[in-house]
Structure formats: structure tokens, C-alpha cells
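structure-v7.cif follows; it contains mmCIF, C-alpha atoms and all ligand atoms.
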data_upload
loop_
_atom_site.label_atom_id
_atom_site.label_comp_id
_atom_site.auth_asym_id
_atom_site.auth_seq_id
_atom_site.Cartn_x
_atom_site.Cartn_y
_atom_site.Cartn_z
CA MET A 22 2.60 -8.23 18.74
CA THR A 23 4.23 -10.36 16.04
CA PRO A 24 7.44 -8.79 14.68
CA PRO A 25 7.22 -7.47 11.11
CA LEU A 26 8.38 -9.71 8.27
CA HIS A 27 11.96 -9.01 7.26
CA VAL A 28 13.08 -9.72 3.72
CA VAL A 29 16.60 -9.66 2.31
CA VAL A 30 16.77 -8.59 -1.30
CA PHE A 31 19.81 -8.95 -3.54
CA PRO A 32 19.35 -7.77 -7.12
CA PHE A 33 21.86 -8.68 -9.80
CA ILE A 34 24.21 -5.78 -10.44
CA SER A 35 22.76 -4.61 -13.70
CA LYS A 36 20.19 -1.84 -14.09
CA GLY A 37 17.63 -3.97 -15.93
CA HIS A 38 17.57 -6.41 -13.03
CA THR A 39 17.76 -3.80 -10.27
CA ILE A 40 15.03 -1.36 -11.33
CA PRO A 41 12.16 -3.91 -11.24
CA ILE A 42 13.46 -5.11 -7.89
CA PHE A 43 13.12 -1.57 -6.54
CA ASP A 44 9.49 -1.63 -7.67
CA LEU A 45 8.99 -5.01 -6.03
CA ALA A 46 10.60 -3.75 -2.82
CA ARG A 47 8.19 -0.80 -2.69
CA PHE A 48 5.34 -3.22 -3.20
CA LEU A 49 6.53 -5.20 -0.16
CA LEU A 50 6.98 -2.04 1.91
CA CYS A 51 3.32 -1.22 1.36
CA ARG A 52 2.58 -4.50 3.10
CA LYS A 53 4.58 -3.44 6.13
CA ILE A 54 7.51 -5.73 5.33
CA CYS A 55 10.97 -4.54 6.44
CA ILE A 56 13.60 -4.79 3.74
CA THR A 57 17.36 -5.02 3.68
CA ILE A 58 18.83 -4.70 0.21
CA PHE A 59 22.35 -5.66 -0.86
CA THR A 60 24.59 -4.07 -3.42
CA THR A 61 28.21 -3.05 -4.03
CA PRO A 62 30.01 0.26 -3.26
CA ALA A 63 29.92 1.61 -6.82
CA ASN A 64 26.16 1.04 -6.97
CA ARG A 65 25.48 2.58 -3.58
CA SER A 66 24.59 6.07 -4.80
CA PHE A 67 22.15 4.72 -7.41
CA PHE A 68 20.44 2.67 -4.69
CA SER A 69 20.38 5.50 -2.12
CA HIS A 70 19.03 7.94 -4.66
CA SER A 71 16.37 5.58 -6.05
CA LEU A 72 15.21 4.50 -2.59
CA SER A 73 15.60 7.84 -0.82
CA ASP A 74 11.89 8.04 0.00
CA THR A 75 11.87 4.64 1.70
CA ASN A 76 13.23 3.19 4.92
CA ILE A 77 14.93 0.28 3.16
CA ASP A 78 18.31 -0.60 4.70
CA ILE A 79 21.07 -0.72 2.11
CA ILE A 80 24.10 -2.92 2.80
CA GLU A 81 27.09 -2.73 0.52
CA ILE A 82 29.53 -5.58 0.20
CA PRO A 83 32.74 -5.33 -1.81
CA PHE A 84 32.82 -6.37 -5.43
CA PRO A 85 35.84 -8.62 -6.09
CA LYS A 86 38.98 -6.96 -7.40
CA ASN A 87 41.39 -8.00 -10.18
CA ILE A 88 38.88 -9.83 -12.33
CA GLN A 89 40.51 -10.35 -15.70
CA GLY A 90 39.07 -8.03 -18.33
CA VAL A 91 36.82 -6.16 -15.90
CA PRO A 92 38.22 -2.65 -15.32
CA PRO A 93 38.48 -1.56 -11.66
CA GLY A 94 35.35 0.22 -10.45
CA VAL A 95 33.08 -1.50 -12.98
CA GLU A 96 30.33 -3.02 -10.85
CA SER A 97 27.37 -2.94 -13.19
CA THR A 98 26.87 -4.66 -16.55
CA ASP A 99 26.04 -1.37 -18.31
CA LYS A 100 29.59 -0.21 -17.56
CA LEU A 101 31.28 -3.32 -18.98
CA PRO A 102 33.52 -2.50 -21.98
CA SER A 103 31.97 -5.48 -23.80
CA MET A 104 29.11 -7.86 -23.08
CA SER A 105 31.50 -10.69 -24.00
CA LEU A 106 32.74 -10.19 -20.42
CA PHE A 107 29.32 -10.98 -18.99
CA ALA A 108 30.09 -14.55 -17.87
CA THR A 109 33.37 -13.47 -16.24
CA PHE A 110 31.60 -10.60 -14.49
CA ALA A 111 28.64 -12.70 -13.38
CA ASN A 112 30.90 -15.52 -12.16
CA ALA A 113 32.96 -13.01 -10.17
CA THR A 114 29.92 -12.26 -8.00
CA LYS A 115 30.44 -15.70 -6.43
CA LEU A 116 33.42 -14.21 -4.59
CA MET A 117 31.02 -11.96 -2.70
CA LYS A 118 29.58 -14.94 -0.85
CA PRO A 119 31.69 -14.69 2.34
CA HIS A 120 30.81 -10.99 2.68
CA PHE A 121 27.14 -11.71 2.08
CA GLU A 122 27.12 -14.42 4.73
CA LYS A 123 28.99 -12.26 7.23
CA ALA A 124 26.37 -9.56 6.77
CA LEU A 125 23.52 -12.08 7.13
CA GLU A 126 24.94 -13.12 10.51
CA SER A 127 24.46 -9.65 11.91
CA LEU A 128 20.93 -9.07 10.61
CA PRO A 129 17.72 -9.50 12.59
CA PRO A 130 15.85 -12.73 11.71
CA VAL A 131 15.15 -12.95 7.98
CA THR A 132 11.76 -14.33 6.87
CA PHE A 133 12.86 -15.04 3.29
CA MET A 134 15.26 -13.71 0.70
CA ILE A 135 14.65 -12.61 -2.85
CA THR A 136 17.81 -12.90 -4.91
CA ASP A 137 18.42 -12.66 -8.60
CA GLY A 138 18.53 -15.84 -10.65
CA PHE A 139 22.06 -14.84 -11.74
CA LEU A 140 23.16 -14.93 -8.10
CA GLY A 141 22.63 -18.68 -7.90
CA TRP A 142 25.32 -18.96 -5.23
CA THR A 143 22.99 -17.22 -2.77
CA LEU A 144 21.03 -20.49 -2.55
CA ASP A 145 23.91 -22.02 -0.64
CA SER A 146 23.95 -19.08 1.77
CA ALA A 147 20.17 -19.27 2.14
CA ASN A 148 20.38 -22.97 3.01
CA LYS A 149 23.20 -22.35 5.46
CA PHE A 150 21.07 -19.83 7.35
CA GLY A 151 17.81 -21.73 6.95
CA ILE A 152 16.24 -18.89 4.96
CA PRO A 153 13.86 -19.72 2.07
CA ARG A 154 15.17 -18.29 -1.22
CA LEU A 155 12.77 -16.83 -3.78
CA VAL A 156 14.34 -16.24 -7.16
CA TYR A 157 13.76 -13.32 -9.46
CA PHE A 158 14.56 -13.90 -13.14
CA GLY A 159 14.04 -10.95 -15.46
CA MET A 160 12.20 -13.03 -18.04
CA ASN A 161 8.49 -13.73 -18.46
CA ALA A 162 6.81 -17.16 -18.59
CA PHE A 163 6.38 -17.08 -22.40
CA SER A 164 10.11 -16.66 -23.13
CA ARG A 165 10.96 -19.27 -20.58
CA VAL A 166 8.67 -22.08 -21.68
CA VAL A 167 9.00 -21.41 -25.40
CA SER A 168 12.80 -21.63 -25.01
CA ILE A 169 12.57 -24.84 -23.01
CA SER A 170 10.14 -26.39 -25.45
CA ALA A 171 12.32 -25.46 -28.45
CA LEU A 172 15.40 -27.22 -27.03
CA SER A 173 14.64 -30.51 -28.74
CA VAL A 174 14.40 -28.77 -32.15
CA LEU A 175 17.62 -26.82 -31.60
CA ARG A 176 19.43 -30.17 -31.29
CA THR A 177 18.37 -31.05 -34.86
CA GLN A 178 19.80 -29.79 -38.16
CA VAL A 179 17.24 -27.01 -38.54
CA SER A 180 19.01 -24.05 -40.19
CA ASP A 181 19.46 -20.58 -38.66
CA ASN A 182 16.53 -18.79 -40.28
CA GLU A 183 14.19 -21.70 -40.90
CA LEU A 184 10.88 -21.22 -39.10
CA PHE A 185 9.84 -24.17 -36.97
CA GLU A 186 6.85 -24.90 -34.77
CA VAL A 187 7.54 -24.90 -31.06
CA PRO A 188 6.64 -28.45 -29.99
CA ASP A 189 4.32 -27.63 -27.07
CA PHE A 190 2.93 -24.50 -28.73
CA PRO A 191 2.40 -25.31 -32.43
CA TRP A 192 0.74 -21.92 -33.04
CA ILE A 193 4.14 -20.26 -32.40
CA LYS A 194 6.87 -20.35 -35.04
CA ILE A 195 10.43 -19.31 -34.29
CA THR A 196 13.92 -19.75 -35.73
CA ARG A 197 17.27 -20.82 -34.34
CA ASN A 198 18.33 -17.19 -34.70
CA ASP A 199 15.81 -16.15 -32.07
CA PHE A 200 18.35 -17.48 -29.57
CA ASP A 201 21.69 -15.94 -28.59
CA LEU A 202 24.95 -17.77 -28.87
CA PRO A 203 25.89 -20.23 -27.49
CA PHE A 204 22.29 -21.31 -26.83
CA ARG A 205 21.42 -21.58 -30.51
CA ASP A 206 24.28 -24.01 -31.09
CA ARG A 207 23.36 -27.65 -31.58
CA GLU A 208 25.57 -28.53 -28.66
CA PRO A 209 25.93 -25.36 -26.61
CA LYS A 210 28.93 -25.09 -24.31
CA GLY A 211 31.32 -22.54 -22.83
CA PRO A 212 31.45 -20.31 -19.73
CA LEU A 213 28.16 -18.48 -20.42
CA PHE A 214 26.30 -21.74 -20.98
CA ASP A 215 27.78 -23.24 -17.81
CA PHE A 216 26.91 -20.12 -15.83
CA MET A 217 23.30 -20.21 -17.05
CA MET A 218 22.97 -23.91 -16.29
CA ASP A 219 24.28 -23.34 -12.76
CA SER A 220 21.83 -20.46 -12.31
CA PHE A 221 18.86 -22.54 -13.52
CA MET A 222 19.92 -25.47 -11.37
CA ALA A 223 20.10 -23.27 -8.25
CA ALA A 224 16.72 -21.75 -9.12
CA SER A 225 15.17 -25.21 -9.46
CA LYS A 226 16.25 -26.03 -5.91
CA SER A 227 14.92 -22.77 -4.47
CA TYR A 228 11.60 -22.10 -2.79
CA GLY A 229 9.88 -20.32 -5.66
CA LEU A 230 10.21 -18.00 -8.62
CA LEU A 231 8.83 -14.47 -8.66
CA VAL A 232 7.86 -13.41 -12.16
CA ASN A 233 7.31 -9.83 -13.25
CA THR A 234 4.10 -10.58 -15.10
CA PHE A 235 0.45 -11.23 -14.36
CA TYR A 236 -1.34 -14.51 -14.86
CA GLU A 237 -4.05 -13.21 -17.21
CA LEU A 238 -1.40 -11.88 -19.60
CA GLU A 239 0.13 -15.26 -20.37
CA SER A 240 -1.91 -17.87 -18.51
CA VAL A 241 -1.26 -20.66 -21.05
CA TYR A 242 2.50 -20.23 -20.67
CA VAL A 243 2.40 -19.82 -16.90
CA ASP A 244 0.38 -23.04 -16.59
CA VAL A 245 2.90 -24.95 -18.73
CA CYS A 246 5.74 -23.38 -16.77
CA ASN A 247 4.26 -24.65 -13.54
CA ARG A 248 3.66 -28.07 -15.07
CA ILE A 249 7.09 -28.70 -16.53
CA THR A 250 9.38 -26.73 -14.22
CA SER A 251 9.81 -26.32 -10.52
CA PRO A 252 9.66 -24.56 -8.16
CA LYS A 253 6.39 -22.74 -8.61
CA SER A 254 6.37 -19.48 -10.57
CA TRP A 255 4.43 -16.77 -8.79
CA CYS A 256 3.18 -14.08 -11.15
CA ILE A 257 3.14 -11.04 -8.94
CA GLY A 258 3.71 -8.32 -11.53
CA PRO A 259 3.69 -5.99 -13.14
CA PHE A 260 6.15 -4.69 -10.58
CA CYS A 261 6.09 -1.23 -12.17
CA ALA A 262 2.39 -1.00 -11.33
CA GLY A 263 3.13 -1.82 -7.71
CA ASN A 264 2.85 1.79 -6.71
CA GLN A 265 -0.74 2.38 -7.66
CA VAL A 266 -2.12 5.59 -6.30
CA LEU A 267 -5.64 6.26 -5.14
CA TYR A 268 -6.69 9.85 -5.75
CA VAL A 269 -9.12 11.10 -3.11
CA ALA A 270 -11.08 14.31 -3.64
CA PHE A 271 -14.62 15.38 -2.97
CA GLY A 272 -14.93 18.43 -5.21
CA THR A 273 -15.46 21.97 -4.10
CA GLN A 274 -18.67 21.85 -2.10
CA ALA A 275 -19.17 18.63 -0.18
CA GLU A 276 -18.77 18.88 3.56
CA LEU A 277 -17.53 16.10 5.77
CA SER A 278 -18.21 15.80 9.48
CA PRO A 279 -15.20 15.50 11.80
CA GLU A 280 -16.30 11.91 12.57
CA GLN A 281 -16.37 11.06 8.88
CA PHE A 282 -12.96 12.65 8.40
CA LYS A 283 -11.55 10.43 11.13
CA GLU A 284 -12.89 7.27 9.48
CA ILE A 285 -11.34 8.27 6.14
CA LYS A 286 -7.98 8.69 7.80
CA ILE A 287 -8.16 5.27 9.43
CA GLY A 288 -9.48 3.65 6.26
CA LEU A 289 -6.66 5.08 4.16
CA GLU A 290 -4.08 4.10 6.74
CA LYS A 291 -5.38 0.53 7.12
CA SER A 292 -5.81 -0.04 3.40
CA GLN A 293 -2.03 0.30 2.89
CA VAL A 294 -2.53 1.89 -0.52
CA SER A 295 -0.58 4.87 -1.82
CA PHE A 296 -2.84 7.88 -2.01
CA LEU A 297 -3.11 11.56 -2.77
CA TRP A 298 -5.88 13.18 -0.75
CA VAL A 299 -7.03 16.67 -1.53
CA VAL A 300 -8.81 18.27 1.42
CA ARG A 301 -10.46 21.63 1.44
CA LYS A 302 -9.36 22.53 4.92
CA SER A 303 -6.47 21.37 7.02
CA LEU A 304 -6.86 17.85 8.31
CA ASP A 305 -6.99 18.34 12.04
CA GLU A 306 -6.17 20.77 14.73
CA VAL A 307 -4.75 17.88 16.70
CA ASP A 308 -1.73 16.24 15.11
CA ASP A 309 -2.37 12.53 15.66
CA GLY A 310 0.68 11.48 13.65
CA PHE A 311 -1.43 10.39 10.64
CA GLU A 312 0.70 12.13 8.04
CA ASN A 313 3.85 10.74 9.59
CA ARG A 314 2.50 7.19 9.70
CA VAL A 315 1.61 7.26 6.00
CA LYS A 316 4.54 9.38 4.89
CA ASN A 317 6.05 6.87 2.48
CA ARG A 318 2.85 6.31 0.60
CA GLY A 319 0.34 9.01 1.30
CA LEU A 320 0.16 12.72 0.62
CA VAL A 321 -2.42 15.16 1.94
CA VAL A 322 -2.80 18.39 -0.01
CA THR A 323 -4.77 21.37 1.21
CA GLU A 324 -4.16 23.62 -1.80
CA TRP A 325 -5.91 23.71 -5.15
CA VAL A 326 -4.54 21.00 -7.44
CA ASP A 327 -4.74 20.35 -11.14
CA GLN A 328 -7.15 17.43 -10.91
CA ARG A 329 -7.05 16.62 -14.61
CA GLU A 330 -3.30 16.33 -14.55
CA ILE A 331 -3.42 14.10 -11.47
CA LEU A 332 -6.02 11.81 -13.05
CA SER A 333 -3.96 11.49 -16.21
CA HIS A 334 -0.85 10.43 -14.31
CA GLY A 335 -0.07 6.78 -15.02
CA SER A 336 0.20 5.88 -11.32
CA VAL A 337 -3.33 6.96 -10.49
CA GLN A 338 -5.39 3.79 -10.65
CA GLY A 339 -8.47 4.78 -8.71
CA PHE A 340 -10.50 7.83 -7.72
CA LEU A 341 -12.41 8.01 -4.46
CA SER A 342 -14.88 10.66 -5.54
CA HIS A 343 -18.07 12.35 -4.45
CA CYS A 344 -19.23 11.93 -8.06
CA GLY A 345 -19.59 15.57 -8.98
CA TRP A 346 -20.27 15.37 -12.69
CA ASN A 347 -17.01 17.11 -13.61
CA SER A 348 -15.02 14.63 -11.59
CA VAL A 349 -16.88 11.69 -13.12
CA ILE A 350 -16.32 12.83 -16.68
CA GLU A 351 -12.67 13.73 -16.01
CA SER A 352 -12.11 10.32 -14.46
CA MET A 353 -13.68 8.63 -17.46
CA CYS A 354 -11.48 10.59 -19.85
CA ALA A 355 -8.44 9.50 -17.88
CA LYS A 356 -9.71 5.87 -17.77
CA VAL A 357 -9.55 5.81 -13.98
CA PRO A 358 -12.17 3.68 -12.19
CA ILE A 359 -14.24 5.43 -9.55
CA LEU A 360 -14.95 4.55 -5.96
CA ALA A 361 -18.20 6.41 -5.55
CA TRP A 362 -19.10 8.23 -2.37
CA PRO A 363 -21.94 10.57 -3.30
CA MET A 364 -22.83 13.23 -0.78
CA MET A 365 -25.29 15.80 -2.16
CA ALA A 366 -27.03 17.34 -5.18
CA ASP A 367 -26.91 15.23 -8.36
CA GLN A 368 -24.11 13.07 -6.98
CA HIS A 369 -26.35 10.16 -5.94
CA MET A 370 -27.75 9.89 -9.45
CA ASN A 371 -24.27 10.23 -10.90
CA ALA A 372 -23.09 7.40 -8.65
CA ARG A 373 -25.92 5.19 -9.86
CA MET A 374 -24.96 5.99 -13.42
CA VAL A 375 -21.30 5.19 -12.73
CA LEU A 376 -22.12 1.88 -11.08
CA GLU A 377 -25.23 0.62 -12.73
CA VAL A 378 -25.33 2.17 -16.17
CA ILE A 379 -21.78 2.66 -17.39
CA LYS A 380 -20.26 0.26 -14.83
CA ILE A 381 -16.94 1.97 -14.30
CA GLY A 382 -16.71 1.83 -10.56
CA LEU A 383 -17.69 0.59 -7.14
CA ARG A 384 -19.40 2.24 -4.20
CA VAL A 385 -18.20 2.65 -0.63
CA GLU A 386 -20.18 0.66 1.87
CA THR A 387 -22.21 2.57 4.44
CA CYS A 388 -22.83 1.22 7.94
CA ASP A 389 -26.59 0.94 7.54
CA GLY A 390 -26.59 0.12 3.83
CA SER A 391 -28.45 3.33 2.95
CA VAL A 392 -26.99 5.62 0.29
CA ARG A 393 -26.53 8.48 2.74
CA GLY A 394 -25.32 6.40 5.67
CA PHE A 395 -22.16 6.88 7.68
CA VAL A 396 -19.06 5.21 6.23
CA ASN A 397 -16.82 3.61 8.81
CA TRP A 398 -13.18 2.80 8.15
CA GLU A 399 -13.84 -0.90 7.68
CA GLY A 400 -16.30 -0.25 4.86
CA LEU A 401 -13.90 2.18 3.29
CA GLU A 402 -10.87 -0.08 3.57
CA LYS A 403 -12.80 -2.96 2.04
CA ALA A 404 -13.95 -0.88 -0.92
CA ILE A 405 -10.48 0.64 -1.49
CA LYS A 406 -8.89 -2.80 -1.53
CA GLU A 407 -11.49 -4.09 -3.93
CA LEU A 408 -10.97 -1.17 -6.30
CA MET A 409 -7.19 -1.07 -6.13
CA GLU A 410 -6.29 -4.72 -5.74
CA GLY A 411 -9.30 -6.47 -7.18
CA GLU A 412 -9.67 -8.26 -3.87
CA LYS A 413 -13.22 -8.81 -2.72
CA VAL A 414 -12.95 -9.10 1.06
O1 LIG B 1 -8.25 21.11 -6.02
C1 LIG B 1 -9.08 21.01 -6.93
C2 LIG B 1 -10.45 20.76 -6.71
C3 LIG B 1 -11.30 20.65 -7.80
N1 LIG B 1 -10.80 20.78 -9.06
C4 LIG B 1 -11.71 20.76 -10.21
O2 LIG B 1 -12.95 21.29 -9.82
C5 LIG B 1 -14.02 20.65 -10.46
C6 LIG B 1 -14.95 20.09 -9.41
O3 LIG B 1 -16.14 19.74 -10.02
P1 LIG B 1 -17.04 18.51 -9.55
O4 LIG B 1 -16.24 17.29 -9.51
O5 LIG B 1 -18.24 18.44 -10.42
O6 LIG B 1 -17.37 18.81 -8.05
P2 LIG B 1 -18.16 20.06 -7.37
O7 LIG B 1 -17.36 21.25 -7.40
O8 LIG B 1 -18.58 19.57 -6.05
O9 LIG B 1 -19.39 20.18 -8.36
C7 LIG B 1 -20.66 20.77 -8.20
O10 LIG B 1 -21.10 20.94 -9.53
C8 LIG B 1 -21.25 19.75 -10.31
C9 LIG B 1 -21.65 20.13 -11.71
O11 LIG B 1 -22.87 20.77 -11.68
C10 LIG B 1 -22.21 18.80 -9.66
O12 LIG B 1 -22.26 17.58 -10.38
C11 LIG B 1 -21.79 18.55 -8.21
O13 LIG B 1 -22.74 17.72 -7.57
C12 LIG B 1 -21.65 19.88 -7.48
O14 LIG B 1 -21.21 19.64 -6.14
C13 LIG B 1 -13.42 19.57 -11.32
O15 LIG B 1 -13.30 20.03 -12.62
C14 LIG B 1 -12.04 19.35 -10.72
O16 LIG B 1 -11.11 18.93 -11.68
C15 LIG B 1 -9.47 20.98 -9.27
O17 LIG B 1 -9.01 21.06 -10.41
N2 LIG B 1 -8.65 21.10 -8.20
#
Show me the file's structure as C-alpha cells.
Amino acid sequence: MTPPLHVVVFPFISKGHTIPIFDLARFLLCRKICITIFTTPANRSFFSHSLSDTNIDIIEIPFPKNIQGVPPGVESTDKLPSMSLFATFANATKLMKPHFEKALESLPPVTFMITDGFLGWTLDSANKFGIPRLVYFGMNAFSRVVSISALSVLRTQVSDNELFEVPDFPWIKITRNDFDLPFRDREPKGPLFDFMMDSFMAASKSYGLLVNTFYELESVYVDVCNRITSPKSWCIGPFCAGNQVLYVAFGTQAELSPEQFKEIKIGLEKSQVSFLWVVRKSLDEVDDGFENRVKNRGLVVTEWVDQREILSHGSVQGFLSHCGWNSVIESMCAKVPILAWPMMADQHMNARMVLEVIKIGLRVETCDGSVRGFVNWEGLEKAIKELMEGEKV
């Protein structure tokens, strides 16, 4: 058996950079990737608390002491007395390099690392250990390419509030004041500028950029980004939608054979999706370890639930349903697409309506292609993946 992929993750020590990385890490966990995440002692409790439901290994390495202007114990940008200390703070992280490398030495083989763009110094460590570095920058493709394209105009005399066309995107008008200091200066310089240039330089020599966006949202800007900058930007967001939950419930009357039950369990396990499965009777007399194997992403409930509330939860992105009319209409109201698995009564007609008339769902595949056929785990896994990930397999 091939060993699981192992990824080292090092978010920048600021909440706005760390929180999306937690989402990304969960996304990787769902794909059976082992994760080791780095942070500093003062951030440890935030990490442990936020990741308490996962098996992510947290390694803390000391944050440098006696950094001028940075009070002792301040290890996150939200705790800085003033953001004017940002460059000093961010530059101080470079002193963590020996600790980071010492920790890397003792880890099992690392497949790749994902480190924040502001931790540009990790590129050197990555190269030393022969580990590809993927960079996470908090910004989207639009902000990035519009800023790059505007550089030539910022070098001119254009005044602070004068609208100008962005050279590569003439339909966008911005002003010099849309940029922070020192970047809006005609000739920007200073510690923050130098720090950013170093960060961008390190990113450009890395393996790839992970962007918290999706291609369809800003395809024009992503395409330009990939044309004028390197390495490639991979749009794998939105990270916050990484934990999409499939709600599985077959109403109050449908009966499933033990064989069919077994296939559902395997299908849910293999699909790797997060799920909430409401069953009318307990899963099995024999404990086959199913609930334990899916414990970080799947929940089986045997009690009555508030289905409407579940469907209206933002994480629920799909409903594997028997297509009882109440379930269909509740799913529609909650704007949740349906994976239809009709079983009896009007449900077959409802499924046809869902698929062929209002087109708000897909259907599970039966072994013999008939509407009442047995559904094996492969057919179920395939349909779940298509519904949840848009992947036609
Ligand atoms: O734990 C639970 C289980 C069910 N529900 C609710 O119970 C209702 C279930 O209704 P439905 O989805 O229509 O399923 P059935 O109970 O199976 O419905 C029967 O009645 C429907 C309406 O006539 C028919 O369309 C179905 O084929 C028939 O099986 C829905 O409102 C659900 O929200 C909960 O709130 N919590």
C-alpha cells in the first residue's frame, strides 16, 4: 500500500491568513492527506481549539524574542499595538527558520508544503529539504493582476483621487488612493515595500500558488495572472466551502434492505464527503467500525431531526433523498440540489420531475439501469461525487 500523502502547512501568524488555511487543511483531510501544521506557542490554543475535531498534528516553534516595538507574547498581527509594526513583525518570523528546519528533520517524508506568501523564507527551507513549496497568498486574482497592471500608471504624475483606466483592463477605473502606502508612492521604498518584494520574489520561485477563489468567479483575471506571472495560480477555493455536507435521509416510510444499507455505508465512506445520515433504525447490530472510520466527516443520527433546519444550514450542499414530496419541496426552498433515489409511492414521479422537469438534481445509478434496481456503492459514490464536486466520473 502506498503511504498517505503528508503535507506541512505553515500559515502566517495572523487570523485572516490562518482561518482560511484551516478550511484548506480540512479540505485536504477529506482526501486522506496527513497534515502537520506549524504555529507559535501563543497561537497554540487557537489552533488546538479550531482543529480539535481533526487529527492534524500541531507543532509549535518559538516566536523570536526582543523584537523592537513588539511587546512580549504578541505573536499574532491582531494583537500588535499598531499595524505600523507589521514589517518588523513579519520580518521577525525569519528568525524562526532554524526551528522550522529542525522540526522538518524529524518529520516523516513530506510530499509538499503549503506556506504563507509572507513566510517567503520557507522557500529556502523547502529547497534545502527537497520539498515543493506551494504558496498561499490571501488575495484573489483580480486584486493581484489589477495591481500589477496599474504599476506603470502609478509611476506617472496621476494625482491621488484621479480615476485612471487599468492598462490591461480598460473597463476598470481606479485611483492611486486605492493602494496603501508605500505602494501608492511614485517610487515606493521602505521596510514594508522590501518585505513585500522579497515575499513576491520567493513566491515566484515556488512550485505554485493556491488561491482562495474559483475560476468561474474571475476567469479573465486568473487567465491574465497565469499569463503574466509565475508560478501557476491554482484556484481551489472557496476554502470556506470545503466542508460541504451531504444530507442523507429517506423520509419516514421507505424501507431499505440490509444489503442496500451496506452499499450506502461503503458508498458514503468511499466518496470522502462530509455527511449527515438520518436512519430510522440503528445502523447495524454488528459494529464494523464504519462510524469510527468516518468520524471526522460523517454523522449518523437515529433520532428525529429538524430536517428543514438541516437543509437551511449553509454547509448542506446536497440531499440524497427518496424524493418524498415534502423533502423535495423543502430542499427546493433551501436551494439544495437533490440526489434522487426514489423507492415507492409517488417518489418515482417526483424524481422524474426533479430531474427532467425542474432540473434541480441528479439520480443515483442502479446496477441494471432500471428505476427500481439495486444501487451498489460504486454507483452511489459516482453520483455523490458528481453532485457534490461537479465531477463526472
Ligand atoms: O427525522 C426526520 C424525518 C423526517 N422529517 C420530516 O418529515 C417529512 C417527511 O416527508 P417526505 O419527505 O414527504 O417523506 P415521507 O414521510 O416518506 O412521505 C410520504 O408522504 C409524502 C407526501 O404524500 C409522499 O410524497 C412520500 O412518497 C411518502 O413516502 C418531511 O417534512 C421532513 O422534513 C423530519 O423533520 N425529521
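Restricting the atom set to all atoms listed in the file, one finds that the residues within 7 Å of ligand LIG 1 (chain B) amount to Phe271, Gly272, Thr273, Gln274, Ala275, Val299, Glu324, Trp325, Val326, Asp327, Gln328, Arg329, Cys344, Gly345, Trp346, Asn347, Ser348, Val349, Glu351, Met365, Ala366, Asp367 and Gln368 of chain A.
Proximity of A:Phe110, A:Phe158, A:Tyr268, A:Tyr242 to Arg318 (chain A), computed with all atoms listed in the file, is greatest for A:Tyr268.
Distance annotation: of A:Gly138, A:Pro62, A:Pro130, A:Gly37, the residue with the minimal separation from Asp99 (chain A) is A:Gly37; atom set is only C-alpha atoms.
The gap separating CA of Leu172 (chain A) from CA of Met160 (chain A) is 17.1 Å, in Å to one decimal.
Residues lying within 10 Å of Ile77 (chain A), counting only C-alpha atoms and ignoring same-chain neighbours fewer than 2 positions away, are Ala46, Arg47, Leu50, Ile54, Cys55, Ile56, Thr57, Ile58, Phe68, Ser69, Leu72, Ser73, Asp74, Thr75, Ile79 and Ile80 of chain A.
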Please measure the separation of CA of Ser35 (chain A) and CA of Ser97 (chain A), giving the value in Å to one decimal. 4.9 Å
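Residue nearest Leu297 (chain A) within the list A:Lys316, A:Lys283, A:Lys36, A:Arg52: A:Lys316 [criterion: smallest interatomic distance, all atoms listed in the file].
For the atom pair formed by CA of Leu289 (chain A) and CA of Glu402 (chain A), the distance is 6.7 Å, given to one decimal.
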8 Å contact set for region 217-229 of chain A, all atoms listed in the file, chain neighbours under 4 positions out, as a ChimeraX atom specification: /A:138-142,144,153-156,213,250-255
Next, write the just-selected residues to a file, as a short mmCIF file (atom, residue, chain, number, x, y, z; two decimals), keeping the file's coordinate frame, keeping C-alpha atoms as the atom set.
data_model
loop_
_atom_site.label_atom_id
_atom_site.label_comp_id
_atom_site.auth_asym_id
_atom_site.auth_seq_id
_atom_site.Cartn_x
_atom_site.Cartn_y
_atom_site.Cartn_z
CA GLY A 138 18.53 -15.84 -10.65
CA PHE A 139 22.06 -14.84 -11.74
CA LEU A 140 23.16 -14.93 -8.10
CA GLY A 141 22.63 -18.68 -7.90
CA TRP A 142 25.32 -18.96 -5.23
CA LEU A 144 21.03 -20.49 -2.55
CA PRO A 153 13.86 -19.72 2.07
CA ARG A 154 15.17 -18.29 -1.22
CA LEU A 155 12.77 -16.83 -3.78
CA VAL A 156 14.34 -16.24 -7.16
CA LEU A 213 28.16 -18.48 -20.42
CA THR A 250 9.38 -26.73 -14.22
CA SER A 251 9.81 -26.32 -10.52
CA PRO A 252 9.66 -24.56 -8.16
CA LYS A 253 6.39 -22.74 -8.61
CA SER A 254 6.37 -19.48 -10.57
CA TRP A 255 4.43 -16.77 -8.79
#
